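Source file: query.cif (mmCIF, C-alpha atoms)
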data_upload
#
loop_
_atom_site.label_atom_id
_atom_site.label_comp_id
_atom_site.auth_asym_id
_atom_site.auth_seq_id
_atom_site.Cartn_x
_atom_site.Cartn_y
_atom_site.Cartn_z
CA MET D 99 4.94 7.87 -32.17
CA ALA D 100 2.04 6.49 -34.23
CA THR D 101 -1.39 7.74 -33.17
CA THR D 102 -4.61 6.02 -34.11
CA LYS D 103 -7.11 8.73 -33.29
CA PRO D 104 -7.23 12.44 -34.08
CA ALA D 105 -5.40 14.48 -31.46
CA PRO D 106 -7.56 16.70 -29.26
CA ALA D 107 -6.83 20.43 -29.22
CA GLU D 108 -3.30 20.85 -27.94
CA SER D 109 -3.07 22.23 -24.40
CA GLU D 110 -0.88 25.22 -23.52
CA THR D 111 1.42 22.87 -21.64
CA ALA D 112 1.69 20.53 -24.61
CA ILE D 113 2.60 23.47 -26.85
CA ARG D 114 5.19 24.66 -24.36
CA VAL D 115 6.78 21.22 -24.20
CA ARG D 116 6.84 21.02 -28.00
CA ALA D 117 8.36 24.50 -28.17
CA LEU D 118 11.08 23.61 -25.69
CA GLU D 119 11.90 20.37 -27.48
CA SER D 120 12.14 22.12 -30.85
CA ILE D 121 14.59 24.70 -29.47
CA LEU D 122 16.73 22.06 -27.74
CA VAL D 123 16.85 19.96 -30.90
CA GLU D 124 17.79 22.98 -33.04
CA LYS D 125 20.63 23.80 -30.69
CA GLY D 126 21.88 20.23 -30.95
CA LEU D 127 21.45 19.67 -27.21
CA ILE D 128 19.04 16.77 -27.30
CA ASP D 129 18.26 13.98 -29.74
CA PRO D 130 14.51 13.37 -29.90
CA LYS D 131 15.17 9.70 -30.63
CA ALA D 132 16.83 9.43 -27.21
CA ILE D 133 13.56 10.69 -25.69
CA ASP D 134 11.67 8.07 -27.74
CA ALA D 135 14.01 5.38 -26.36
CA LEU D 136 13.60 6.55 -22.77
CA VAL D 137 9.81 6.65 -23.10
CA ASP D 138 9.74 3.21 -24.70
CA THR D 139 11.89 1.82 -21.89
CA PHE D 140 9.67 3.09 -19.09
CA GLU D 141 6.37 2.58 -20.90
CA HIS D 142 7.01 -0.96 -22.10
CA LYS D 143 10.11 -2.57 -20.58
CA VAL D 144 10.41 -1.45 -16.97
CA GLY D 145 7.55 -1.80 -14.53
CA PRO D 146 6.21 -3.57 -11.45
CA ARG D 147 6.55 -7.00 -13.10
CA ASN D 148 10.27 -6.62 -12.39
CA GLY D 149 9.67 -6.08 -8.69
CA ALA D 150 7.20 -8.97 -8.66
CA LYS D 151 9.93 -11.30 -9.91
CA VAL D 152 12.23 -10.13 -7.12
CA VAL D 153 9.51 -10.82 -4.55
CA ALA D 154 8.64 -14.25 -5.95
CA LYS D 155 12.28 -15.30 -5.98
CA ALA D 156 12.66 -14.21 -2.37
CA TRP D 157 9.61 -16.30 -1.45
CA VAL D 158 10.97 -19.50 -2.98
CA ASP D 159 14.71 -19.08 -2.37
CA PRO D 160 15.68 -18.44 1.27
CA ALA D 161 19.32 -17.72 0.37
CA TYR D 162 18.19 -15.11 -2.16
CA LYS D 163 15.83 -13.58 0.38
CA GLN D 164 18.72 -13.29 2.82
CA ARG D 165 20.85 -11.52 0.21
CA LEU D 166 17.93 -9.27 -0.67
CA LEU D 167 17.43 -8.16 2.90
CA THR D 168 21.14 -7.62 3.57
CA ASP D 169 22.26 -6.09 0.23
CA ALA D 170 19.19 -5.31 -1.85
CA THR D 171 21.11 -3.41 -4.52
CA ALA D 172 23.31 -6.42 -5.32
CA ALA D 173 20.51 -8.99 -5.00
CA ILE D 174 18.22 -7.04 -7.35
CA LYS D 175 21.10 -6.58 -9.76
CA GLU D 176 21.38 -10.38 -9.96
CA LEU D 177 18.00 -10.28 -11.75
CA GLY D 178 19.06 -7.32 -13.91
CA TYR D 179 16.78 -4.65 -12.45
CA SER D 180 19.22 -2.04 -11.26
CA GLY D 181 20.00 1.43 -12.55
CA MET D 182 18.41 4.84 -12.66
CA GLN D 183 16.42 5.65 -9.51
CA GLY D 184 17.33 2.25 -8.11
CA GLU D 185 21.06 2.81 -7.66
CA ASP D 186 20.92 2.21 -3.91
CA MET D 187 18.09 -0.05 -2.81
CA LEU D 188 16.64 -1.35 0.41
CA VAL D 189 14.04 -4.09 0.70
CA VAL D 190 11.90 -4.09 3.82
CA GLU D 191 10.04 -7.23 4.82
CA ASN D 192 6.45 -7.40 6.00
CA THR D 193 5.94 -9.88 8.83
CA ASP D 194 3.18 -10.85 11.23
CA THR D 195 4.26 -7.97 13.47
CA VAL D 196 5.49 -5.21 11.10
CA HIS D 197 3.82 -3.77 8.00
CA ASN D 198 5.92 -1.38 5.88
CA VAL D 199 4.64 1.52 3.77
CA ILE D 200 6.76 3.67 1.44
CA VAL D 201 6.22 7.37 0.75
CA CYS D 202 8.26 10.36 -0.35
CA THR D 203 6.74 13.40 1.33
CA LEU D 204 9.13 15.93 -0.25
CA CYS D 205 8.85 14.89 -3.90
CA SER D 206 8.02 11.51 -5.39
CA CYS D 207 11.05 9.25 -5.02
CA TYR D 208 10.25 5.74 -6.23
CA PRO D 209 12.30 2.68 -7.28
CA TRP D 210 12.04 2.88 -11.07
CA PRO D 211 13.94 -0.32 -12.06
CA THR D 212 11.69 -2.54 -9.95
CA LEU D 213 8.35 -0.67 -10.00
CA GLY D 214 8.53 1.55 -13.10
CA LEU D 215 7.34 5.16 -12.94
CA PRO D 216 5.09 6.06 -10.01
CA PRO D 217 1.30 6.33 -10.32
CA VAL D 218 -0.28 9.77 -9.99
CA TRP D 219 -1.68 9.04 -6.53
CA TYR D 220 1.79 8.29 -5.17
CA LYS D 221 2.95 11.72 -6.37
CA SER D 222 -0.19 13.49 -5.15
CA ALA D 223 -0.55 15.82 -2.19
CA PRO D 224 -3.11 13.64 -0.35
CA TYR D 225 -0.83 10.59 -0.25
CA ARG D 226 2.36 12.50 0.54
CA ALA D 227 0.65 14.52 3.27
CA ARG D 228 -1.25 11.70 4.92
CA ALA D 229 0.93 8.59 4.62
CA VAL D 230 3.19 9.76 7.44
CA ASN D 231 0.59 10.81 10.00
CA ASP D 232 -2.52 8.85 9.02
CA PRO D 233 -1.09 5.64 7.59
CA ARG D 234 -3.94 3.45 8.77
CA GLY D 235 -6.47 5.85 7.24
CA VAL D 236 -4.56 5.74 3.96
CA LEU D 237 -4.32 1.95 4.05
CA LYS D 238 -8.04 1.70 4.70
CA GLU D 239 -8.72 3.62 1.49
CA PHE D 240 -6.80 0.89 -0.32
CA GLY D 241 -8.91 -1.74 1.43
CA THR D 242 -6.15 -2.67 3.84
CA ILE D 243 -7.13 -3.02 7.47
CA LEU D 244 -4.41 -4.25 9.81
CA PRO D 245 -4.80 -5.49 13.39
CA ASP D 246 -3.95 -2.93 16.08
CA ASP D 247 -1.06 -5.07 17.32
CA VAL D 248 0.74 -4.85 13.97
CA GLU D 249 3.28 -2.02 13.82
CA VAL D 250 2.72 0.15 10.75
CA ARG D 251 6.18 1.39 9.82
CA VAL D 252 6.19 4.27 7.36
CA TRP D 253 9.40 4.93 5.44
CA ASP D 254 9.70 8.55 4.26
CA THR D 255 12.35 8.19 1.56
CA THR D 256 13.94 11.61 1.87
CA ALA D 257 17.45 10.73 0.62
CA GLU D 258 18.82 8.72 -2.32
CA LEU D 259 17.90 5.28 -1.00
CA ARG D 260 14.99 3.65 -2.82
CA TYR D 261 12.72 1.15 -1.10
CA LEU D 262 10.74 -1.91 -2.08
CA VAL D 263 8.38 -3.71 0.29
CA LEU D 264 8.65 -7.51 0.42
CA PRO D 265 5.02 -8.53 1.00
CA GLN D 266 4.08 -11.66 2.93
CA ARG D 267 3.50 -14.71 0.78
CA PRO D 268 -0.23 -15.45 0.71
CA ALA D 269 -1.44 -18.61 2.42
CA GLY D 270 -2.33 -21.52 0.17
CA THR D 271 0.35 -20.77 -2.43
CA GLU D 272 2.73 -23.56 -1.40
CA LYS D 273 2.30 -25.45 -4.67
CA LEU D 274 2.78 -22.47 -6.98
CA ASP D 275 6.05 -22.05 -8.85
CA GLU D 276 8.03 -18.82 -9.05
CA ASP D 277 6.29 -17.52 -12.19
CA ALA D 278 2.84 -18.21 -10.78
CA LEU D 279 3.81 -16.49 -7.53
CA ALA D 280 5.15 -13.45 -9.39
CA ALA D 281 1.78 -13.10 -11.11
CA LEU D 282 0.17 -12.63 -7.68
CA VAL D 283 2.40 -9.73 -6.67
CA THR D 284 0.92 -6.28 -7.25
CA ARG D 285 2.58 -2.89 -7.49
CA ASP D 286 0.59 -1.57 -4.53
CA SER D 287 1.73 -4.47 -2.32
CA MET D 288 5.35 -3.52 -3.04
CA ILE D 289 4.63 0.11 -2.06
CA GLY D 290 2.97 -1.31 1.04
CA VAL D 291 -0.54 0.11 0.68
CA THR D 292 -2.04 -3.34 0.19
CA VAL D 293 -1.42 -6.88 1.39
CA LEU D 294 -1.72 -10.00 -0.76
CA MET E 80 13.16 25.72 2.45
CA ASN E 81 9.81 25.68 4.19
CA GLY E 82 8.01 25.20 0.90
CA ILE E 83 4.66 23.83 -0.16
CA HIS E 84 6.43 20.66 -1.36
CA ASP E 85 7.09 19.72 2.28
CA LEU E 86 3.71 18.06 2.56
CA GLY E 87 4.23 15.47 5.29
CA GLY E 88 1.54 15.71 7.95
CA MET E 89 -0.57 18.43 6.32
CA HIS E 90 -4.32 18.12 6.71
CA GLY E 91 -7.19 18.84 4.36
CA PHE E 92 -6.14 17.21 1.10
CA GLY E 93 -8.92 14.63 1.13
CA PRO E 94 -8.88 11.07 -0.15
CA ILE E 95 -6.15 9.46 -2.26
CA ASN E 96 -8.41 8.42 -5.17
CA PRO E 97 -6.12 6.02 -7.07
CA GLU E 98 -6.93 5.70 -10.77
CA PRO E 99 -7.79 2.12 -11.80
CA ASN E 100 -5.63 0.69 -14.60
CA GLU E 101 -3.64 3.88 -14.81
CA PRO E 102 -1.48 4.31 -17.92
CA VAL E 103 2.22 5.15 -17.50
CA PHE E 104 1.64 8.49 -19.26
CA HIS E 105 -1.60 10.46 -19.60
CA ALA E 106 -0.66 12.55 -22.65
CA GLU E 107 1.96 12.64 -25.39
CA TRP E 108 3.51 15.78 -23.90
CA GLU E 109 4.12 13.95 -20.62
CA LYS E 110 6.30 11.47 -22.50
CA ARG E 111 8.40 14.26 -23.98
CA ALA E 112 8.67 16.02 -20.60
CA PHE E 113 9.72 12.76 -18.98
CA GLY E 114 12.40 12.30 -21.63
CA PHE E 115 13.76 15.81 -21.04
CA PHE E 116 15.09 14.83 -17.63
CA VAL E 117 17.88 12.53 -18.68
CA THR E 118 18.59 14.29 -21.97
CA THR E 119 18.83 17.83 -20.60
CA ALA E 120 20.74 16.69 -17.52
CA ALA E 121 23.25 15.03 -19.89
CA ALA E 122 23.41 18.19 -22.00
CA THR E 123 23.81 20.73 -19.21
CA GLY E 124 25.02 18.79 -16.17
CA PHE E 125 22.39 19.87 -13.65
CA SER E 126 22.02 17.67 -10.57
CA VAL E 127 18.82 16.06 -9.32
CA ASP E 128 19.16 18.29 -6.25
CA GLU E 129 19.13 21.50 -8.29
CA PHE E 130 16.26 20.04 -10.33
CA ARG E 131 14.20 19.39 -7.19
CA HIS E 132 14.94 22.81 -5.75
CA ALA E 133 13.60 24.50 -8.87
CA ILE E 134 10.33 22.61 -8.38
CA GLU E 135 10.22 23.66 -4.73
CA ASN E 136 10.38 27.29 -5.84
CA LEU E 137 7.09 27.09 -7.70
CA PRO E 138 4.60 29.51 -6.13
CA PRO E 139 2.64 27.42 -3.60
CA ALA E 140 -0.77 27.78 -5.23
CA GLU E 141 0.68 26.87 -8.62
CA TYR E 142 2.48 23.87 -7.12
CA LEU E 143 -0.79 22.44 -5.86
CA GLU E 144 -2.74 23.18 -9.02
CA THR E 145 -0.32 21.71 -11.52
CA SER E 146 0.65 18.15 -12.30
CA TYR E 147 3.89 16.28 -11.71
CA TYR E 148 5.20 16.67 -15.24
CA GLU E 149 4.18 20.35 -15.23
CA HIS E 150 6.45 20.66 -12.18
CA TRP E 151 9.19 19.05 -14.22
CA LEU E 152 8.60 21.44 -17.13
CA HIS E 153 8.90 24.40 -14.76
CA SER E 154 12.19 23.01 -13.49
CA PHE E 155 13.60 22.45 -16.99
CA GLU E 156 12.66 26.00 -17.98
CA THR E 157 14.26 27.40 -14.83
CA LEU E 158 17.51 25.46 -15.12
CA LEU E 159 17.92 26.02 -18.86
CA ALA E 160 17.27 29.77 -18.45
CA ARG E 161 19.66 29.93 -15.48
CA ARG E 162 22.40 28.56 -17.70
CA GLY E 163 21.47 30.81 -20.62
CA VAL E 164 20.79 27.73 -22.72
CA VAL E 165 17.15 28.59 -23.48
CA THR E 166 15.99 32.03 -22.33
CA LYS E 167 12.42 32.71 -21.29
CA ALA E 168 12.02 35.19 -24.18
CA GLU E 169 13.24 32.56 -26.62
CA LEU E 170 10.83 29.96 -25.33
CA ASP E 171 7.89 32.38 -25.17
CA ALA E 172 8.54 33.42 -28.77
CA ARG E 173 8.53 29.80 -29.91
CA VAL E 174 5.36 29.08 -27.93
CA ALA E 175 3.66 32.08 -29.60
CA GLN E 176 4.80 30.87 -33.01
CA LEU E 177 3.52 27.33 -32.44
CA SER E 178 0.25 28.58 -30.94
CA GLN E 179 -0.44 30.38 -34.21
CA GLY E 180 -0.06 27.14 -36.12
CA GLY E 181 3.61 27.48 -37.01
CA LYS E 182 5.80 24.44 -37.29
CA MET F 190 27.08 15.64 -23.71
CA LEU F 191 24.46 14.76 -26.30
CA LEU F 192 22.54 11.68 -25.20
CA THR F 193 21.99 9.54 -28.28
CA PRO F 194 19.52 6.64 -28.43
CA ASP F 195 22.28 4.03 -28.48
CA LEU F 196 23.48 5.27 -25.08
CA VAL F 197 20.03 5.13 -23.42
CA PRO F 198 20.09 1.45 -22.35
CA ALA F 199 23.45 1.84 -20.61
CA VAL F 200 22.48 5.14 -18.96
CA VAL F 201 19.21 3.67 -17.66
CA ALA F 202 20.93 0.48 -16.50
CA SER F 203 23.70 2.27 -14.63
CA GLY F 204 22.01 5.40 -13.29
CA HIS F 205 24.04 7.70 -11.12
CA SER F 206 24.48 6.74 -7.49
CA ALA F 207 24.76 9.55 -4.96
CA ARG F 208 26.90 7.29 -2.79
CA VAL F 209 30.41 8.64 -2.22
CA ASP F 210 33.43 6.43 -1.71
CA ALA F 211 35.05 8.49 1.04
CA LYS F 212 36.58 7.56 4.37
CA ILE F 213 34.54 9.77 6.65
CA ALA F 214 33.81 8.76 10.22
CA PRO F 215 30.08 8.46 10.97
CA ARG F 216 28.92 10.63 13.87
CA PHE F 217 26.41 8.01 14.98
CA ALA F 218 26.12 4.24 15.12
CA PRO F 219 22.94 2.13 14.98
CA GLY F 220 21.17 2.35 18.32
CA ALA F 221 22.31 5.91 19.03
CA LYS F 222 19.69 8.40 20.23
CA VAL F 223 19.55 11.53 18.11
CA ARG F 224 17.62 14.79 18.07
CA VAL F 225 16.77 16.42 14.76
CA ARG F 226 18.09 19.97 14.60
CA ASN F 227 15.57 22.78 14.34
CA LEU F 228 16.67 23.95 10.89
CA HIS F 229 14.79 26.20 8.48
CA PRO F 230 17.21 26.93 5.65
CA THR F 231 15.85 29.06 2.80
CA GLY F 232 17.60 26.86 0.24
CA HIS F 233 17.18 23.21 -0.68
CA THR F 234 17.01 20.64 2.08
CA ARG F 235 15.86 17.05 2.45
CA LEU F 236 14.88 17.51 6.06
CA PRO F 237 11.08 17.44 6.29
CA GLY F 238 9.69 20.17 8.53
CA TYR F 239 7.59 17.74 10.57
CA LEU F 240 10.74 16.27 12.11
CA CYS F 241 12.38 19.43 13.46
CA GLY F 242 13.24 18.97 17.13
CA LYS F 243 12.06 15.34 17.27
CA THR F 244 14.03 12.58 18.94
CA GLY F 245 14.70 9.21 17.35
CA THR F 246 17.08 6.28 17.16
CA VAL F 247 19.55 5.39 14.43
CA ALA F 248 18.15 2.23 12.81
CA ILE F 249 20.39 1.81 9.75
CA ALA F 250 23.67 3.47 8.79
CA HIS F 251 23.46 3.82 5.01
CA GLY F 252 27.00 5.07 4.39
CA VAL F 253 28.31 8.26 2.81
CA PHE F 254 26.26 10.24 0.26
CA VAL F 255 26.30 13.59 -1.51
CA PHE F 256 24.65 16.23 0.70
CA PRO F 257 21.74 17.68 -1.30
CA ASP F 258 21.57 20.94 0.68
CA THR F 259 24.90 22.13 -0.72
CA ASN F 260 24.93 20.21 -3.98
CA ALA F 261 21.67 21.83 -5.14
CA HIS F 262 23.32 25.23 -4.99
CA GLY F 263 26.66 24.41 -6.57
CA LEU F 264 28.32 24.55 -3.14
CA GLY F 265 29.97 21.15 -3.41
CA GLU F 266 29.01 17.61 -2.52
CA LYS F 267 29.93 17.89 1.17
CA PRO F 268 29.77 14.07 1.43
CA GLN F 269 28.49 12.78 4.77
CA HIS F 270 26.76 9.87 6.40
CA CYS F 271 23.08 9.25 5.93
CA TYR F 272 21.02 7.17 8.37
CA SER F 273 17.55 5.71 8.60
CA ILE F 274 16.23 7.24 11.81
CA HIS F 275 13.46 5.48 13.70
CA PHE F 276 10.76 7.62 15.34
CA THR F 277 7.64 6.62 17.20
CA ALA F 278 4.45 8.02 15.71
CA GLN F 279 3.67 9.60 19.09
CA GLU F 280 7.04 11.39 19.23
CA VAL F 281 6.31 13.01 15.87
CA TRP F 282 2.53 13.48 15.96
CA GLY F 283 1.70 13.58 19.66
CA PRO F 284 -0.43 11.53 22.01
CA THR F 285 -3.36 11.04 19.61
CA ALA F 286 -1.15 9.03 17.24
CA SER F 287 -0.97 5.24 17.40
CA ALA F 288 1.18 3.91 20.24
CA LYS F 289 2.26 1.07 17.96
CA ASP F 290 3.16 2.80 14.70
CA THR F 291 6.56 4.19 13.70
CA LEU F 292 8.38 6.18 11.05
CA ARG F 293 11.76 5.65 9.42
CA VAL F 294 13.28 8.67 7.70
CA ASP F 295 16.62 8.98 5.90
CA LEU F 296 18.54 11.88 7.43
CA PHE F 297 22.04 13.30 7.02
CA ASP F 298 24.65 13.96 9.69
CA ASP F 299 24.16 17.72 9.32
CA TYR F 300 20.51 17.38 10.42
CA LEU F 301 21.28 15.57 13.68
CA ASP F 302 22.54 16.13 17.21
CA PRO F 303 23.17 13.52 19.90
CA ALA F 304 20.19 13.24 22.23
#

In C-alpha cells, write the structure found in this file.
Amino acid sequence: MATTKPAPAESETAIRVRALESILVEKGLIDPKAIDALVDTFEHKVGPRNGAKVVAKAWVDPAYKQRLLTDATAAIKELGYSGMQGEDMLVVENTDTVHNVIVCTLCSCYPWPTLGLPPVWYKSAPYRARAVNDPRGVLKEFGTILPDDVEVRVWDTTAELRYLVLPQRPAGTEKLDEDALAALVTRDSMIGVTVL
Amino acid sequence: MNGIHDLGGMHGFGPINPEPNEPVFHAEWEKRAFGFFVTTAAATGFSVDEFRHAIENLPPAEYLETSYYEHWLHSFETLLARRGVVTKAELDARVAQLSQGGK
Amino acid sequence: MLLTPDLVPAVVASGHSARVDAKIAPRFAPGAKVRVRNLHPTGHTRLPGYLCGKTGTVAIAHGVFVFPDTNAHGLGEKPQHCYSIHFTAQEVWGPTASAKDTLRVDLFDDYLDPA
C-alpha cells in the first residue's frame, strides 16, 4: 500500500469505500489483508500473459490444441490458469472462414485466470451495446478489417461459461519457439477485437 | 428485468475509445472495492446472481453515469443492508465522520 | 466465513463453478431449432431482451448449471441445461445486418421453446 506521491483530494466514492471497509473490519467480517492479497494477485500475478501462454502452446502442440478445443477448462488447468471467473471455459478458434469476438452485453463477464481483469472499454456501454449488432464497426475501431466472406461470430457470454479466442498464428513465425510466440499474443486478440 | 444493463443492440453510445496502456486499477479505492467482492461474499454468502441483480436495480441514469466499481459499491451496500449487516444509516454516519477528517 | 489472506490463493485458484452435477434430461440436442420465449420478468434474468422471439439452432450443449433467475432471489438453484444458441445476424437484427455474420448466446432451458 506504499504511495510515492501525495494523494489527491479524496473523492466521495473513495470516502464511501473507506467507510464501508472500516465498518466491515470493525465487525470482524473482512480482513483487509485478504483484500491486499486479492488486489496483488490480480494486479501483478494474473493477466493476459497467462492466456498468451495457452495460445502459444496450442500453436506449437497439436495434441494440446485438440484438448483445448474439446475441454478448455481441463486443458487450461494443465498450465495452472484455472479458478475464479474461469471455472468453466470454452476456447473458440479463429480460422480463415470464422472470426470470433467475445462480449458480455448484460454485465462484464470475462475470463479472469487467462486474461486478468477486464479493461474499462470491455465493461463500457458502447462496446456492450455495439459488439452484438455492429461487430464490424467495432472491429474497425480497433483497426481490424475482415473480408466480407469471413463470418464474424459474436459470442454474448450471458451464462457462467467464460470464453477465450484462439487467434490465428501469424505468418512468418514458423521458426519462433513457444515463449517468443507467446510474446506476440495480445489481450485484444484473445477477446477477438484484433488479429495478429 | 428490462433494465438499462441490458445494453445489447442499443444505439447512440458512440465510439469505444480504448485507453492505451490501461492500468488494472485507476484509483486506490477501486482496489478496495474489487477486494470486497470475494471477502463480503465469503462473509455473508450472497451469490453472484444476487450481486448482479442489485447492480441492475441502479436507476438507469445513474447506471450510465457511474463506473464499474461504483456499480459494485452500490451492490455491496444493497446486499449488506438487505442482510442487516451494514445499514445505510450506519454507513452514512461513517461517511460523514470520515468526510470531516475523522479516522 | 472470514476470508483470511492465507486462504486467498486457494479461493482464487478454485473459484466456484455454477455447474451442477445432476442427472437432468436436456430438452434439446445440438442441431435442434429453438425459439426464444418472449419473457419480460421483473426480476433477474440472463436472457438479453434483443433475443426475445428469435429463432436459432442449438450449437453446443454446455450441461447443467444453476439457474440465475431463481438463484438471484433466494428461490433455489433450479438446475437446468444451458446451451450455446446460434443465431444469424439477420434473424436478430433484420435485413440490413450482414448475411454472413452470426451470434452465439448462452441460454437456459427455461428461455427456450422448440421451433

Define the interface residues of chain E facing chain D as those within 9 Å, counting only C-alpha atoms, and report them as a PyMOL selection string.
chain E and resi 84-98+101-104+106-115+117-119+121-123+131+135+143+146-147+149+152+156+164-165+169-174+176-178

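Remark: residues at most 6 Å from position (4.3, -2.6, 2.1) in file coordinates are Asn198, Val199, Val263, Ser287, Met288, Ile289, Gly290 and Val291 of chain D, using only C-alpha atoms.
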
Among the residues D:Gly184, D:Leu262, D:Leu294, D:Ile200, the one that comes closest to Leu166 (chain D) [using all atoms listed in the file]:
D:Leu262

Output as AutoDock Vina command-line options the centre and edge lengths (Å, one decimal) of the box along x, y and z of the file that holds every listed atom of region 104-119 of chain E after adding 4 Å on each side.
--center_x 8.6 --center_y 13.2 --center_z -21.5 --size_x 28.4 --size_y 17.3 --size_z 15.8

Residues near His251 (chain F), anyone? I mean within 12 Å using all atoms listed in the file, not counting same-chain ones fewer than 6 positions away, as a CSV table (one decimal) with C-alpha atoms, in the coordinates of the input.
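What ended up in result.csv:
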chain,number,residue,atom,x,y,z
D,168,THR,CA,21.1,-7.6,3.6
D,169,ASP,CA,22.3,-6.1,0.2
D,186,ASP,CA,20.9,2.2,-3.9
D,187,MET,CA,18.1,0.0,-2.8
D,188,LEU,CA,16.6,-1.4,0.4
D,257,ALA,CA,17.4,10.7,0.6
D,258,GLU,CA,18.8,8.7,-2.3
D,259,LEU,CA,17.9,5.3,-1.0
D,260,ARG,CA,15.0,3.6,-2.8
F,207,ALA,CA,24.8,9.6,-5.0
F,208,ARG,CA,26.9,7.3,-2.8
F,209,VAL,CA,30.4,8.6,-2.2
F,215,PRO,CA,30.1,8.5,11.0
F,217,PHE,CA,26.4,8.0,15.0
F,218,ALA,CA,26.1,4.2,15.1
F,219,PRO,CA,22.9,2.1,15.0
F,269,GLN,CA,28.5,12.8,4.8
F,270,HIS,CA,26.8,9.9,6.4
F,271,CYS,CA,23.1,9.2,5.9
F,272,TYR,CA,21.0,7.2,8.4
F,273,SER,CA,17.6,5.7,8.6
F,274,ILE,CA,16.2,7.2,11.8
F,294,VAL,CA,13.3,8.7,7.7
F,295,ASP,CA,16.6,9.0,5.9
F,296,LEU,CA,18.5,11.9,7.4
F,297,PHE,CA,22.0,13.3,7.0
F,298,ASP,CA,24.6,14.0,9.7

As JSON, numbers by chain, please: the residues near Leu244 (chain D) (cut-off 10 Å, all atoms listed in the file, same-chain neighbours under 4 positions excluded).
{"D": [197, 234, 237, 238, 248, 249, 250, 292, 293]}

Can you build me a table of chain F residues sitting at most 6 Å from chain D, with the closest atom pair per residue and its distance in Å to one decimal, using all atoms listed in the file, sorted by chain and residue number, as a Markdown table?
| residue | atom | partner | partner_atom | distance |
| --- | --- | --- | --- | --- |
| F:Leu191 | CA | D:Leu127 | CA | 5.8 |
| F:Thr193 | CA | D:Ala132 | CA | 5.3 |
| F:Pro194 | CA | D:Ala132 | CA | 4.1 |
| F:Val201 | CA | D:Met182 | CA | 5.2 |
| F:Ala202 | CA | D:Gly181 | CA | 4.2 |
| F:Ser203 | CA | D:Gly181 | CA | 4.3 |
| F:Gly204 | CA | D:Met182 | CA | 3.7 |
| F:Ser206 | CA | D:Glu185 | CA | 5.2 |
| F:Arg235 | CA | D:Thr256 | CA | 5.8 |
| F:Lys289 | CA | D:Glu249 | CA | 5.3 |
| F:Asp290 | CA | D:Val250 | CA | 4.8 |
| F:Thr291 | CA | D:Arg251 | CA | 4.8 |
| F:Leu292 | CA | D:Val252 | CA | 4.7 |
| F:Arg293 | CA | D:Trp253 | CA | 4.7 |
| F:Val294 | CA | D:Asp254 | CA | 5.0 |
| F:Asp295 | CA | D:Thr256 | CA | 5.5 |

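Reported to one decimal place, the separation of CA of Pro303 (chain F) from CA of Gly265 (chain F) is 25.5 Å.
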
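Evaluated on this file, the PyMOL selection byres ((chain F and resi 233) around 9) matches Met80, Asp128, Glu129, Arg131, His132 and Glu135 of chain E; Pro230, Thr231, Gly232, Thr234, Arg235, Pro257, Asp258, Thr259, Asn260, Ala261 and His262 of chain F.
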
Evaluate the PyMOL selection byres ((chain D and resi 155-164) around 10) here and jot the selected residues down as an mmCIF file with C-alpha atoms, in the frame of the given file.
data_model
loop_
_atom_site.group_PDB
_atom_site.id
_atom_site.type_symbol
_atom_site.label_atom_id
_atom_site.label_comp_id
_atom_site.auth_asym_id
_atom_site.auth_seq_id
_atom_site.Cartn_x
_atom_site.Cartn_y
_atom_site.Cartn_z
ATOM 1 C CA GLY D 149 9.670 -6.080 -8.690
ATOM 2 C CA ALA D 150 7.200 -8.970 -8.660
ATOM 3 C CA LYS D 151 9.930 -11.300 -9.910
ATOM 4 C CA VAL D 152 12.230 -10.130 -7.120
ATOM 5 C CA VAL D 153 9.510 -10.820 -4.550
ATOM 6 C CA ALA D 154 8.640 -14.250 -5.950
ATOM 7 C CA ARG D 165 20.850 -11.520 0.210
ATOM 8 C CA LEU D 166 17.930 -9.270 -0.670
ATOM 9 C CA LEU D 167 17.430 -8.160 2.900
ATOM 10 C CA THR D 168 21.140 -7.620 3.570
ATOM 11 C CA ASP D 169 22.260 -6.090 0.230
ATOM 12 C CA ALA D 170 19.190 -5.310 -1.850
ATOM 13 C CA ALA D 173 20.510 -8.990 -5.000
ATOM 14 C CA ILE D 174 18.220 -7.040 -7.350
ATOM 15 C CA GLU D 176 21.380 -10.380 -9.960
ATOM 16 C CA LEU D 177 18.000 -10.280 -11.750
ATOM 17 C CA VAL D 189 14.040 -4.090 0.700
ATOM 18 C CA GLU D 191 10.040 -7.230 4.820
ATOM 19 C CA LEU D 264 8.650 -7.510 0.420
ATOM 20 C CA PRO D 265 5.020 -8.530 1.000
ATOM 21 C CA GLN D 266 4.080 -11.660 2.930
ATOM 22 C CA ARG D 267 3.500 -14.710 0.780
ATOM 23 C CA GLU D 272 2.730 -23.560 -1.400
ATOM 24 C CA LEU D 274 2.780 -22.470 -6.980
ATOM 25 C CA ASP D 275 6.050 -22.050 -8.850
ATOM 26 C CA GLU D 276 8.030 -18.820 -9.050
ATOM 27 C CA ASP D 277 6.290 -17.520 -12.190
ATOM 28 C CA LEU D 279 3.810 -16.490 -7.530
ATOM 29 C CA ALA D 280 5.150 -13.450 -9.390
#

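Interatomic distance, CA of Arg224 (chain F) to CA of Asp302 (chain F): 5.2 Å.
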
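For the pair CA of Ser287 (chain F) and CA of Gly82 (chain E), the interatomic distance is 27.4 Å.
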
Written as a PDB file with C-alpha atoms, keeping the file's coordinate frame, what is the full residue list that the PyMOL selection byres ((chain F and resi 241) around 6) yields on the file shown?
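As a result, part34.pdb now contains:
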ATOM      1  CA  VAL F 225      16.770  16.420  14.760  1.00  0.00           C
ATOM      2  CA  ARG F 226      18.090  19.970  14.600  1.00  0.00           C
ATOM      3  CA  ASN F 227      15.570  22.780  14.340  1.00  0.00           C
ATOM      4  CA  GLY F 238       9.690  20.170   8.530  1.00  0.00           C
ATOM      5  CA  TYR F 239       7.590  17.740  10.570  1.00  0.00           C
ATOM      6  CA  LEU F 240      10.740  16.270  12.110  1.00  0.00           C
ATOM      7  CA  GLY F 242      13.240  18.970  17.130  1.00  0.00           C
ATOM      8  CA  LYS F 243      12.060  15.340  17.270  1.00  0.00           C
TER       9      LYS F 243
END

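Checking F:Gly283, F:Gly220, F:Gly252, F:Gly245 one by one against chain E, counting all atoms listed in the file, you find the shortest gap at F:Gly283.
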
May I have the residues at most 8 Å from (30.1, 13.2, 2.8) in the file's coordinates, counting only C-alpha atoms, as a list of chain:residue names?
F:Val209, F:Ala211, F:Ile213, F:Val253, F:Phe254, F:Val255, F:Phe256, F:Glu266, F:Lys267, F:Pro268, F:Gln269, F:His270
